[in-house]
$ cat protein_38.csv   # CSV, C-alpha atoms
chain,number,residue,atom,x,y,z
A,1,MET,CA,74.4,80.4,157.4
A,2,GLY,CA,76.3,83.5,158.3
A,3,VAL,CA,76.6,86.5,156.0
A,4,ARG,CA,80.0,88.1,155.7
A,5,ARG,CA,79.5,91.7,155.4
A,6,GLY,CA,81.9,93.6,153.1
A,7,ALA,CA,83.1,90.6,151.0
A,8,PRO,CA,80.9,91.2,148.0
A,9,LEU,CA,81.7,94.9,148.1
A,10,VAL,CA,85.5,94.2,148.0
A,11,ALA,CA,85.1,91.7,145.2
A,12,SER,CA,83.0,94.1,143.1
A,13,ARG,CA,85.6,96.9,143.5
A,14,VAL,CA,88.4,94.7,142.3
A,15,VAL,CA,86.3,93.5,139.3
A,16,GLY,CA,85.2,97.1,138.7
A,17,GLN,CA,88.8,98.3,138.7
A,18,SER,CA,89.9,95.6,136.3
A,19,VAL,CA,87.1,96.3,133.9
A,20,GLY,CA,87.9,100.0,134.1
A,21,ALA,CA,91.6,99.4,133.4
A,22,LEU,CA,90.7,97.1,130.5
A,23,LEU,CA,88.3,99.7,129.2
A,24,ALA,CA,90.9,102.4,129.4
A,25,LEU,CA,93.5,100.3,127.6
A,26,SER,CA,91.0,99.5,124.9
A,27,MET,CA,90.2,103.2,124.4
A,28,LEU,CA,94.0,104.0,124.2
A,29,PHE,CA,94.5,101.2,121.7
A,30,GLY,CA,91.5,102.5,119.6
A,31,LEU,CA,92.9,106.0,119.7
A,32,ALA,CA,96.3,104.8,118.6
A,33,LEU,CA,94.8,102.9,115.7
A,34,ALA,CA,92.7,105.9,114.7
A,35,GLY,CA,95.9,108.0,114.8
A,36,CYS,CA,97.6,105.5,112.5
A,37,GLN,CA,94.7,105.6,110.1
A,38,THR,CA,94.6,109.4,110.2
A,39,ALA,CA,98.4,109.5,109.5
A,40,ARG,CA,98.0,107.1,106.6
A,41,GLU,CA,95.1,109.0,105.2
A,42,GLN,CA,97.2,112.2,105.4
A,43,GLU,CA,100.1,110.6,103.7
A,44,LYS,CA,97.8,109.4,100.9
A,45,GLN,CA,96.3,113.0,100.5
A,46,ASP,CA,99.8,114.5,100.4
A,47,LEU,CA,100.9,112.0,97.7
A,48,GLN,CA,97.7,112.8,95.7
A,49,ALA,CA,98.4,116.5,96.0
A,50,ARG,CA,102.0,116.2,94.9
A,51,ALA,CA,100.9,114.0,92.0
A,52,ARG,CA,98.3,116.5,90.9
A,53,ASN,CA,101.0,119.3,91.2
A,54,TYR,CA,103.4,117.2,89.0
A,55,LEU,CA,100.7,116.7,86.4
A,56,GLU,CA,99.7,120.4,86.4
A,57,LEU,CA,103.4,121.3,85.8
A,58,LYS,CA,103.7,118.6,83.2
A,59,GLN,CA,100.6,120.0,81.4
A,60,LYS,CA,102.2,123.5,81.5
A,61,ARG,CA,105.5,121.9,80.4
A,62,ASP,CA,107.3,123.6,83.3
A,63,TRP,CA,110.1,121.1,83.4
A,64,VAL,CA,112.4,123.4,85.5
A,65,ALA,CA,109.8,123.4,88.3
A,66,ILE,CA,109.5,119.6,88.1
A,67,TYR,CA,113.2,119.1,88.2
A,68,GLU,CA,113.8,121.5,91.1
A,69,GLY,CA,110.7,120.8,93.2
A,70,LEU,CA,109.3,117.4,92.5
A,71,LEU,CA,112.1,115.2,91.1
A,72,ASP,CA,113.6,112.8,93.6
A,73,PRO,CA,116.7,114.8,95.0
A,74,GLU,CA,118.8,111.6,94.8
A,75,LEU,CA,118.4,111.7,91.1
A,76,HIS,CA,119.9,115.2,90.8
A,77,GLY,CA,123.5,113.9,91.0
A,78,LYS,CA,122.9,111.3,88.4
A,79,LEU,CA,120.7,113.3,86.1
A,80,LYS,CA,121.9,116.8,85.3
A,81,ARG,CA,119.3,119.5,84.8
A,82,GLU,CA,120.3,120.2,81.2
A,83,VAL,CA,120.0,116.5,80.2
A,84,PHE,CA,116.6,116.3,82.0
A,85,LEU,CA,115.3,119.4,80.2
A,86,LYS,CA,116.6,118.2,76.8
A,87,ARG,CA,114.9,114.9,77.1
A,88,ARG,CA,111.6,116.7,77.8
A,89,ASP,CA,111.7,118.7,74.5
A,90,ALA,CA,110.0,115.8,72.6
A,91,SER,CA,107.4,115.0,75.3
A,92,PHE,CA,103.7,114.8,74.5
A,93,ASP,CA,101.2,117.5,75.5
A,94,VAL,CA,98.9,116.8,78.4
A,95,LEU,CA,95.4,118.1,77.7
A,96,ASN,CA,93.7,116.8,80.8
A,97,PHE,CA,94.4,114.4,83.7
A,98,THR,CA,92.9,112.7,86.7
A,99,VAL,CA,94.6,111.0,89.6
A,100,VAL,CA,93.0,107.6,89.7
A,101,SER,CA,94.7,106.2,92.7
A,102,ALA,CA,97.6,107.0,95.1
A,103,GLU,CA,98.9,104.4,97.5
A,104,GLU,CA,101.7,104.4,100.1
A,105,GLN,CA,103.9,101.3,99.9
A,106,GLU,CA,106.3,99.7,102.3
A,107,GLY,CA,109.8,101.2,102.6
A,108,GLY,CA,108.8,104.9,102.0
A,109,GLY,CA,107.6,104.4,98.4
A,110,GLY,CA,104.4,105.3,96.7
A,111,GLN,CA,102.5,104.4,93.6
A,112,VAL,CA,100.2,106.7,91.7
A,113,VAL,CA,98.0,105.9,88.7
A,114,ALA,CA,96.8,108.8,86.6
A,115,ARG,CA,94.5,108.9,83.6
A,116,ILE,CA,95.9,111.3,81.0
A,117,ASP,CA,94.3,112.8,77.8
A,118,ALA,CA,97.3,113.7,75.6
A,119,MET,CA,98.3,114.8,72.1
A,120,ILE,CA,101.2,112.5,71.0
A,121,PRO,CA,103.4,113.3,68.0
A,122,VAL,CA,103.5,110.4,65.6
A,123,LEU,CA,106.1,110.3,62.8
A,124,ASN,CA,104.6,109.8,59.3
A,125,PRO,CA,106.4,107.3,57.0
A,126,LYS,CA,106.5,109.9,54.3
A,127,GLY,CA,107.9,112.6,56.6
A,128,GLY,CA,106.5,115.1,59.1
A,129,THR,CA,104.5,114.4,62.2
A,130,THR,CA,100.9,114.0,63.0
A,131,MET,CA,99.4,114.7,66.3
A,132,LEU,CA,97.3,111.9,67.7
A,133,ARG,CA,95.0,112.3,70.6
A,134,LYS,CA,95.1,109.5,73.1
A,135,GLU,CA,93.8,108.6,76.5
A,136,MET,CA,96.1,106.5,78.6
A,137,GLU,CA,97.0,105.5,82.1
A,138,GLU,CA,100.3,106.4,83.5
A,139,SER,CA,101.8,104.6,86.5
A,140,GLN,CA,104.2,106.7,88.6
A,141,LYS,CA,106.7,105.7,91.3
A,142,TRP,CA,107.1,108.1,94.1
A,143,VAL,CA,109.4,108.2,97.2
A,144,ALA,CA,109.1,110.0,100.5
A,145,ARG,CA,112.1,111.9,101.7
A,146,ASP,CA,112.1,113.9,104.9
A,147,GLY,CA,108.3,113.9,105.0
A,148,ARG,CA,107.8,115.0,101.4
A,149,TRP,CA,106.9,113.0,98.2
A,150,TYR,CA,109.1,113.1,95.1
A,151,ILE,CA,108.6,111.4,91.7
A,152,ARG,CA,111.1,108.8,90.6
A,153,LEU,CA,111.7,109.2,86.9
A,154,ASP,CA,114.0,106.9,84.9
A,155,SER,CA,115.5,109.7,82.9

$ encode --input "protein_38.csv" --output "structure tokens"
Amino acid sequence: MGVRRGAPLVASRVVGQSVGALLALSMLFGLALAGCQTAREQEKQDLQARARNYLELKQKRDWVAIYEGLLDPELHGKLKREVFLKRRDASFDVLNFTVVSAEEQEGGGGQVVARIDAMIPVLNPKGGTTMLRKEMEESQKWVARDGRWYIRLDS
């Protein structure tokens, strides 16, 4: 049998180049996936930060700051500032809060769940009000506009 010199070397180079290309593509795909995960994690952190900011302002009863900085800008045309502020006069007092979860959803939306410790005014049948301390979970709808999260309130 004759030995052909060079044939195994050529074959190993082709295989080596194919493996190298496949390895490079795998690494690029892995980096792209990691980038997507990082972007998603950043979006989630941004949503959590905005939700905490909203709850802090709600705790301070700073409705003007909420209306101007956190309320979905698309609602401003439908819900005038004076009406928004008037409806907040009878709101409950937030004593403490915790953001339980924040999730980005399809279509640029977000969902936040917060645990709130609040003092709620309850009307007495004989007149007057009594303050009742209550712990509750609040589900919030958020929307991303131009890379920023805004709360979607019904009124």

$ closest_residue --input "protein_38.csv" --among "A:Arg61, A:Arg52, A:Arg81, A:Arg145" --to "Gly109 (chain A)" --atoms "all atoms listed in the file"
A:Arg145

$ residues_around --input "protein_38.csv" --residues "region 122-136 of chain A" --least-positions-apart "5" --cutoff "12 Å" --atoms "all atoms listed in the file" --output "list in words"
Ala90, Ser91, Phe92, Asp93, Val94, Leu95, Asn96, Phe97, Thr98, Val99, Val100, Val113, Ala114, Arg115, Ile116 and Asp117 of chain A

$ closest_residue --input "protein_38.csv" --among "A:Asp89, A:Asp72, A:Glu56, A:Glu106" --to "Asp146 (chain A)" --atoms "all atoms listed in the file"
A:Asp72

$ atom_distance --input "protein_38.csv" --atom1 "CA of Tyr67 (chain A)" --atom2 "CA of Leu153 (chain A)"
10.1 Å

$ atom_distance --input "protein_38.csv" --atom1 "CA of Leu70 (chain A)" --atom2 "CA of Tyr54 (chain A)"
6.9 Å

$ atom_distance --input "protein_38.csv" --atom1 "CA of Ser101 (chain A)" --atom2 "CA of Lys44 (chain A)"
9.3 Å

$ closest_residue --input "protein_38.csv" --among "A:Lys60, A:Ser139, A:Pro121, A:Val112" --to "Asp46 (chain A)" --atoms "all atoms listed in the file"
A:Val112

$ closest_residue --input "protein_38.csv" --among "A:Thr38, A:Gly69, A:Gln105, A:Asp62" --to "Arg50 (chain A)" --atoms "all atoms listed in the file"
A:Gly69

$ residues_around --input "protein_38.csv" --residues "His76 (chain A)" --least-positions-apart "2" --cutoff "12 Å" --atoms "only C-alpha atoms" --output "list in words"
Ile66, Tyr67, Glu68, Gly69, Leu70, Leu71, Asp72, Pro73, Glu74, Lys78, Leu79, Lys80, Arg81, Glu82, Val83, Phe84, Tyr150, Ile151, Arg152, Leu153, Asp154 and Ser155 of chain A

$ closest_residue --input "protein_38.csv" --among "A:Ala102, A:Val64, A:Ile120, A:Gln140" --to "Gln45 (chain A)" --atoms "only C-alpha atoms"
A:Ala102
